[in-house]
Amino acid sequence: MFGIAAGAVALNFASGLVKGAQESKSYKAQAKLMEQQAAIYRKNAALLRRNGARNEDIMRSGNRAQLSRITAAGGEAGMGESATFASGLATTAAALEQNVLNERYQTESQAENYLYDARLSEEKAKLLRKSAKRSFRNGLIGGIDSALSTANSYGMFK
């Protein structure tokens with residue numbers, strides 16, 4: 001009879017311990033996925049910024065070419081020295097530069113959104129790792145509690 005009781009106690013303890021270990025493993029796997037997701041977000045932000053800088057250079061090059069064509073056309077028309085032409089050219093240059101700055105703002109906003117998502121994923125990973133520790137500890141405590149209850153029900157403490 002004592003062997004059956006001891007086996008039941010051990011089985012209940014092991015059951016709680018295994019359950020806690022499985023939950024812990026699951027939380028750790030989820031945390032790892034969150035960390036991988038954060039790394040992807042950070043890579044996306046860096047890639048977006050690199051592409052944005054390249055696009056900005058391309059836009060500025062195009063803008064310079066456009067302003068050169070306008071200047072040449074104004075010179076051919078004999079308006080190259082006029083104040084009105086110079087003012088119009090300056091306004092056009094400012095508008096073209098504003099377009100470049102708007103593109104930069106959009107790129108930076110998107111990159112910052114990626115970085116924000118990366119930070120959120122990292123925080124979720126930290127919480128999942130804490131949950132993994134807690135679930136293992138709770139499984140251990142549950143196993144001990146179940147084992148003691150079983151032992152008590154078999155009268156092992158008399």
# chains A, B, ... in the order shown; residues from 1 in each chain; ligands from 1
$ residues_around --residues "Ser68 (chain A)" --least-positions-apart "6" --cutoff "12 Å" --atoms "only C-alpha atoms" --output "PDB file with N, CA and C atoms, in the first residue's frame"
ATOM      1  N   SER A  61      19.248  65.485 -57.345  1.00  0.00           N
ATOM      2  CA  SER A  61      19.927  65.497 -58.647  1.00  0.00           C
ATOM      3  C   SER A  61      18.942  65.889 -59.744  1.00  0.00           C
ATOM      4  N   GLY A  62      17.769  65.317 -59.710  1.00  0.00           N
ATOM      5  CA  GLY A  62      16.722  65.668 -60.680  1.00  0.00           C
ATOM      6  C   GLY A  62      16.317  67.125 -60.563  1.00  0.00           C
ATOM      7  N   GLY A  74      15.427  80.270 -69.614  1.00  0.00           N
ATOM      8  CA  GLY A  74      15.278  81.703 -69.312  1.00  0.00           C
ATOM      9  C   GLY A  74      16.370  82.516 -69.964  1.00  0.00           C
ATOM     10  N   GLY A  75      17.575  81.970 -69.962  1.00  0.00           N
ATOM     11  CA  GLY A  75      18.688  82.678 -70.616  1.00  0.00           C
ATOM     12  C   GLY A  75      18.472  82.786 -72.112  1.00  0.00           C
ATOM     13  N   GLY A  80      17.170  85.886 -68.259  1.00  0.00           N
ATOM     14  CA  GLY A  80      18.088  85.399 -67.246  1.00  0.00           C
ATOM     15  C   GLY A  80      18.456  86.415 -66.186  1.00  0.00           C
ATOM     16  N   LEU A  89      12.533  81.484 -60.233  1.00  0.00           N
ATOM     17  CA  LEU A  89      13.496  80.381 -60.110  1.00  0.00           C
ATOM     18  C   LEU A  89      13.723  80.019 -58.642  1.00  0.00           C
ATOM     19  N   THR A  92      10.675  78.184 -57.377  1.00  0.00           N
ATOM     20  CA  THR A  92      10.678  76.809 -57.886  1.00  0.00           C
ATOM     21  C   THR A  92      11.691  75.965 -57.118  1.00  0.00           C
ATOM     22  N   ALA A  93      12.876  76.503 -56.891  1.00  0.00           N
ATOM     23  CA  ALA A  93      13.909  75.775 -56.145  1.00  0.00           C
ATOM     24  C   ALA A  93      13.426  75.454 -54.730  1.00  0.00           C
TER      25      ALA A  93
END
$ residues_around --residues "Gln36 (chain A)" --least-positions-apart "3" --cutoff "10 Å" --atoms "only C-alpha atoms" --output "PyMOL selection string"
chain A and resi 30-33+39-42+118+121-122+125
$ residues_around --residues "region 49-57 of chain A" --least-positions-apart "5" --cutoff "10 Å" --atoms "only C-alpha atoms" --output "number ranges by chain"
A: 43-44, 62-63, 97, 99-101, 103-108, 110-112
$ atom_distance --atom1 "CA of Met79 (chain A)" --atom2 "CA of Ala94 (chain A)"
19.7 Å
$ closest_residue --among "A:Ala72, A:Ala95, A:Ala8, A:Ala21" --to "Arg134 (chain A)" --atoms "only C-alpha atoms"
A:Ala21
$ residues_around --residues "Ala90 (chain A)" --least-positions-apart "6" --cutoff "10 Å" --atoms "only C-alpha atoms" --output "list in words"
Leu67, Thr84 and Leu96 of chain A
$ closest_atom_pairs --of "region 9-92 of chain A" --to "region 142-145 of chain A" --cutoff "6 Å" --atoms "only C-alpha atoms" --output "JSON lines"
{"residue": "A:Phe13", "atom": "CA", "partner": "A:Gly143", "partner_atom": "CA", "distance": 3.9}
{"residue": "A:Gly16", "atom": "CA", "partner": "A:Gly143", "partner_atom": "CA", "distance": 3.8}
{"residue": "A:Leu17", "atom": "CA", "partner": "A:Gly143", "partner_atom": "CA", "distance": 5.6}
$ closest_residue --among "A:Glu23, A:Tyr114, A:Leu11, A:Gln66" --to "Leu47 (chain A)" --atoms "only C-alpha atoms"
A:Tyr114
$ decode --residues "region 2-151 of chain A" --atoms "C-alpha atoms" --output "mmCIF file, in the first residue's frame"
data_model
loop_
_atom_site.group_PDB
_atom_site.id
_atom_site.type_symbol
_atom_site.label_atom_id
_atom_site.label_comp_id
_atom_site.auth_asym_id
_atom_site.auth_seq_id
_atom_site.Cartn_x
_atom_site.Cartn_y
_atom_site.Cartn_z
ATOM 1 C CA PHE A 2 2.813 2.385 0.853
ATOM 2 C CA GLY A 3 4.390 1.813 -2.593
ATOM 3 C CA ILE A 4 1.174 2.780 -4.359
ATOM 4 C CA ALA A 5 0.839 5.903 -2.217
ATOM 5 C CA ALA A 6 4.467 6.884 -2.821
ATOM 6 C CA GLY A 7 3.989 6.334 -6.553
ATOM 7 C CA ALA A 8 0.873 8.514 -6.570
ATOM 8 C CA VAL A 9 2.724 11.238 -4.663
ATOM 9 C CA ALA A 10 5.648 11.105 -7.103
ATOM 10 C CA LEU A 11 3.313 11.078 -10.105
ATOM 11 C CA ASN A 12 1.415 14.130 -8.894
ATOM 12 C CA PHE A 13 4.644 15.985 -8.200
ATOM 13 C CA ALA A 14 6.066 15.112 -11.624
ATOM 14 C CA SER A 15 2.813 16.085 -13.314
ATOM 15 C CA GLY A 16 2.943 19.608 -11.861
ATOM 16 C CA LEU A 17 6.614 19.941 -12.670
ATOM 17 C CA VAL A 18 6.162 18.808 -16.287
ATOM 18 C CA LYS A 19 3.212 21.135 -16.780
ATOM 19 C CA GLY A 20 5.224 24.094 -15.502
ATOM 20 C CA ALA A 21 8.209 23.166 -17.659
ATOM 21 C CA GLN A 22 6.034 22.905 -20.772
ATOM 22 C CA GLU A 23 4.426 26.284 -20.152
ATOM 23 C CA SER A 24 7.836 27.795 -19.497
ATOM 24 C CA LYS A 25 9.192 26.376 -22.745
ATOM 25 C CA SER A 26 6.219 27.766 -24.650
ATOM 26 C CA TYR A 27 6.726 31.255 -23.188
ATOM 27 C CA LYS A 28 10.433 31.141 -24.024
ATOM 28 C CA ALA A 29 9.660 30.180 -27.621
ATOM 29 C CA GLN A 30 7.202 33.068 -27.908
ATOM 30 C CA ALA A 31 9.809 35.425 -26.444
ATOM 31 C CA LYS A 32 12.344 34.281 -29.001
ATOM 32 C CA LEU A 33 9.862 34.980 -31.788
ATOM 33 C CA MET A 34 9.251 38.468 -30.401
ATOM 34 C CA GLU A 35 12.996 39.137 -30.337
ATOM 35 C CA GLN A 36 13.325 37.948 -33.927
ATOM 36 C CA GLN A 37 10.429 40.176 -34.912
ATOM 37 C CA ALA A 38 12.123 43.141 -33.211
ATOM 38 C CA ALA A 39 15.317 42.455 -35.178
ATOM 39 C CA ILE A 40 13.313 42.425 -38.411
ATOM 40 C CA TYR A 41 11.695 45.748 -37.501
ATOM 41 C CA ARG A 42 15.114 47.271 -36.836
ATOM 42 C CA LYS A 43 16.463 45.967 -40.153
ATOM 43 C CA ASN A 44 13.416 47.369 -41.947
ATOM 44 C CA ALA A 45 13.979 50.772 -40.362
ATOM 45 C CA ALA A 46 17.639 50.795 -41.422
ATOM 46 C CA LEU A 47 16.766 49.680 -44.945
ATOM 47 C CA LEU A 48 14.044 52.290 -45.208
ATOM 48 C CA ARG A 49 16.448 55.022 -44.121
ATOM 49 C CA ARG A 50 19.116 53.873 -46.597
ATOM 50 C CA ASN A 51 16.613 53.810 -49.432
ATOM 51 C CA GLY A 52 15.214 57.139 -48.326
ATOM 52 C CA ALA A 53 18.665 58.746 -48.411
ATOM 53 C CA ARG A 54 19.292 57.305 -51.873
ATOM 54 C CA ASN A 55 15.915 58.557 -53.111
ATOM 55 C CA GLU A 56 16.628 61.953 -51.600
ATOM 56 C CA ASP A 57 19.909 62.131 -53.538
ATOM 57 C CA ILE A 58 18.120 61.113 -56.735
ATOM 58 C CA MET A 59 15.425 63.755 -56.179
ATOM 59 C CA ARG A 60 17.995 66.471 -55.516
ATOM 60 C CA SER A 61 19.927 65.497 -58.647
ATOM 61 C CA GLY A 62 16.722 65.668 -60.680
ATOM 62 C CA ASN A 63 15.871 69.004 -59.103
ATOM 63 C CA ARG A 64 19.280 70.441 -60.041
ATOM 64 C CA ALA A 65 18.825 69.238 -63.617
ATOM 65 C CA GLN A 66 15.340 70.765 -63.756
ATOM 66 C CA LEU A 67 16.584 74.093 -62.382
ATOM 67 C CA SER A 68 19.440 74.055 -64.904
ATOM 68 C CA ARG A 69 16.987 73.538 -67.762
ATOM 69 C CA ILE A 70 14.781 76.358 -66.474
ATOM 70 C CA THR A 71 17.799 78.654 -66.142
ATOM 71 C CA ALA A 72 18.987 77.782 -69.640
ATOM 72 C CA ALA A 73 15.512 78.349 -71.088
ATOM 73 C CA GLY A 74 15.278 81.703 -69.312
ATOM 74 C CA GLY A 75 18.688 82.678 -70.616
ATOM 75 C CA GLU A 76 17.725 81.746 -74.174
ATOM 76 C CA ALA A 77 14.562 83.817 -73.854
ATOM 77 C CA GLY A 78 16.598 86.767 -72.603
ATOM 78 C CA MET A 79 15.046 86.716 -69.116
ATOM 79 C CA GLY A 80 18.088 85.399 -67.246
ATOM 80 C CA GLU A 81 18.855 88.735 -65.585
ATOM 81 C CA SER A 82 15.312 89.822 -64.723
ATOM 82 C CA ALA A 83 14.186 90.034 -61.100
ATOM 83 C CA THR A 84 10.912 88.309 -61.917
ATOM 84 C CA PHE A 85 12.708 85.353 -63.473
ATOM 85 C CA ALA A 86 15.150 85.112 -60.544
ATOM 86 C CA SER A 87 12.264 85.247 -58.075
ATOM 87 C CA GLY A 88 10.371 82.533 -59.983
ATOM 88 C CA LEU A 89 13.496 80.381 -60.110
ATOM 89 C CA ALA A 90 14.026 80.789 -56.357
ATOM 90 C CA THR A 91 10.382 79.890 -55.694
ATOM 91 C CA THR A 92 10.678 76.809 -57.886
ATOM 92 C CA ALA A 93 13.909 75.775 -56.145
ATOM 93 C CA ALA A 94 12.272 76.191 -52.727
ATOM 94 C CA ALA A 95 9.242 74.142 -53.796
ATOM 95 C CA LEU A 96 11.458 71.363 -55.147
ATOM 96 C CA GLU A 97 13.487 71.304 -51.923
ATOM 97 C CA GLN A 98 10.275 71.207 -49.893
ATOM 98 C CA ASN A 99 9.242 68.089 -51.843
ATOM 99 C CA VAL A 100 12.552 66.465 -50.888
ATOM 100 C CA LEU A 101 12.073 67.405 -47.241
ATOM 101 C CA ASN A 102 8.520 66.032 -47.279
ATOM 102 C CA GLU A 103 9.846 62.716 -48.585
ATOM 103 C CA ARG A 104 12.503 62.696 -45.844
ATOM 104 C CA TYR A 105 9.848 63.359 -43.197
ATOM 105 C CA GLN A 106 7.701 60.482 -44.469
ATOM 106 C CA THR A 107 10.710 58.149 -44.555
ATOM 107 C CA GLU A 108 11.781 59.109 -41.027
ATOM 108 C CA SER A 109 8.233 58.728 -39.724
ATOM 109 C CA GLN A 110 7.982 55.230 -41.172
ATOM 110 C CA ALA A 111 11.425 54.307 -39.820
ATOM 111 C CA GLU A 112 10.477 55.562 -36.349
ATOM 112 C CA ASN A 113 7.286 53.485 -36.510
ATOM 113 C CA TYR A 114 9.399 50.405 -37.225
ATOM 114 C CA LEU A 115 11.680 51.228 -34.290
ATOM 115 C CA TYR A 116 8.677 51.738 -32.025
ATOM 116 C CA ASP A 117 7.334 48.327 -33.076
ATOM 117 C CA ALA A 118 10.778 46.847 -32.368
ATOM 118 C CA ARG A 119 10.761 48.284 -28.847
ATOM 119 C CA LEU A 120 7.253 46.924 -28.259
ATOM 120 C CA SER A 121 8.325 43.470 -29.419
ATOM 121 C CA GLU A 122 11.343 43.562 -27.115
ATOM 122 C CA GLU A 123 9.158 44.533 -24.168
ATOM 123 C CA LYS A 124 6.748 41.704 -24.986
ATOM 124 C CA ALA A 125 9.715 39.325 -25.083
ATOM 125 C CA LYS A 126 10.802 40.477 -21.607
ATOM 126 C CA LEU A 127 7.299 39.916 -20.251
ATOM 127 C CA LEU A 128 7.135 36.470 -21.838
ATOM 128 C CA ARG A 129 10.482 35.522 -20.271
ATOM 129 C CA LYS A 130 9.154 36.617 -16.875
ATOM 130 C CA SER A 131 6.033 34.535 -17.496
ATOM 131 C CA ALA A 132 8.271 31.565 -18.343
ATOM 132 C CA LYS A 133 10.020 31.808 -14.974
ATOM 133 C CA ARG A 134 6.746 32.293 -13.154
ATOM 134 C CA SER A 135 5.044 29.337 -14.873
ATOM 135 C CA PHE A 136 7.929 27.003 -14.061
ATOM 136 C CA ARG A 137 7.889 28.131 -10.422
ATOM 137 C CA ASN A 138 4.088 27.759 -10.295
ATOM 138 C CA GLY A 139 4.358 24.268 -11.786
ATOM 139 C CA LEU A 140 6.889 23.318 -9.136
ATOM 140 C CA ILE A 141 4.694 24.705 -6.359
ATOM 141 C CA GLY A 142 1.612 23.027 -7.872
ATOM 142 C CA GLY A 143 3.468 19.734 -8.049
ATOM 143 C CA ILE A 144 4.520 19.986 -4.421
ATOM 144 C CA ASP A 145 0.994 20.948 -3.366
ATOM 145 C CA SER A 146 -0.518 18.066 -5.320
ATOM 146 C CA ALA A 147 2.039 15.629 -3.920
ATOM 147 C CA LEU A 148 1.373 16.770 -0.350
ATOM 148 C CA SER A 149 -2.396 16.533 -0.860
ATOM 149 C CA THR A 150 -2.018 13.017 -2.215
ATOM 150 C CA ALA A 151 0.245 12.037 0.646
#
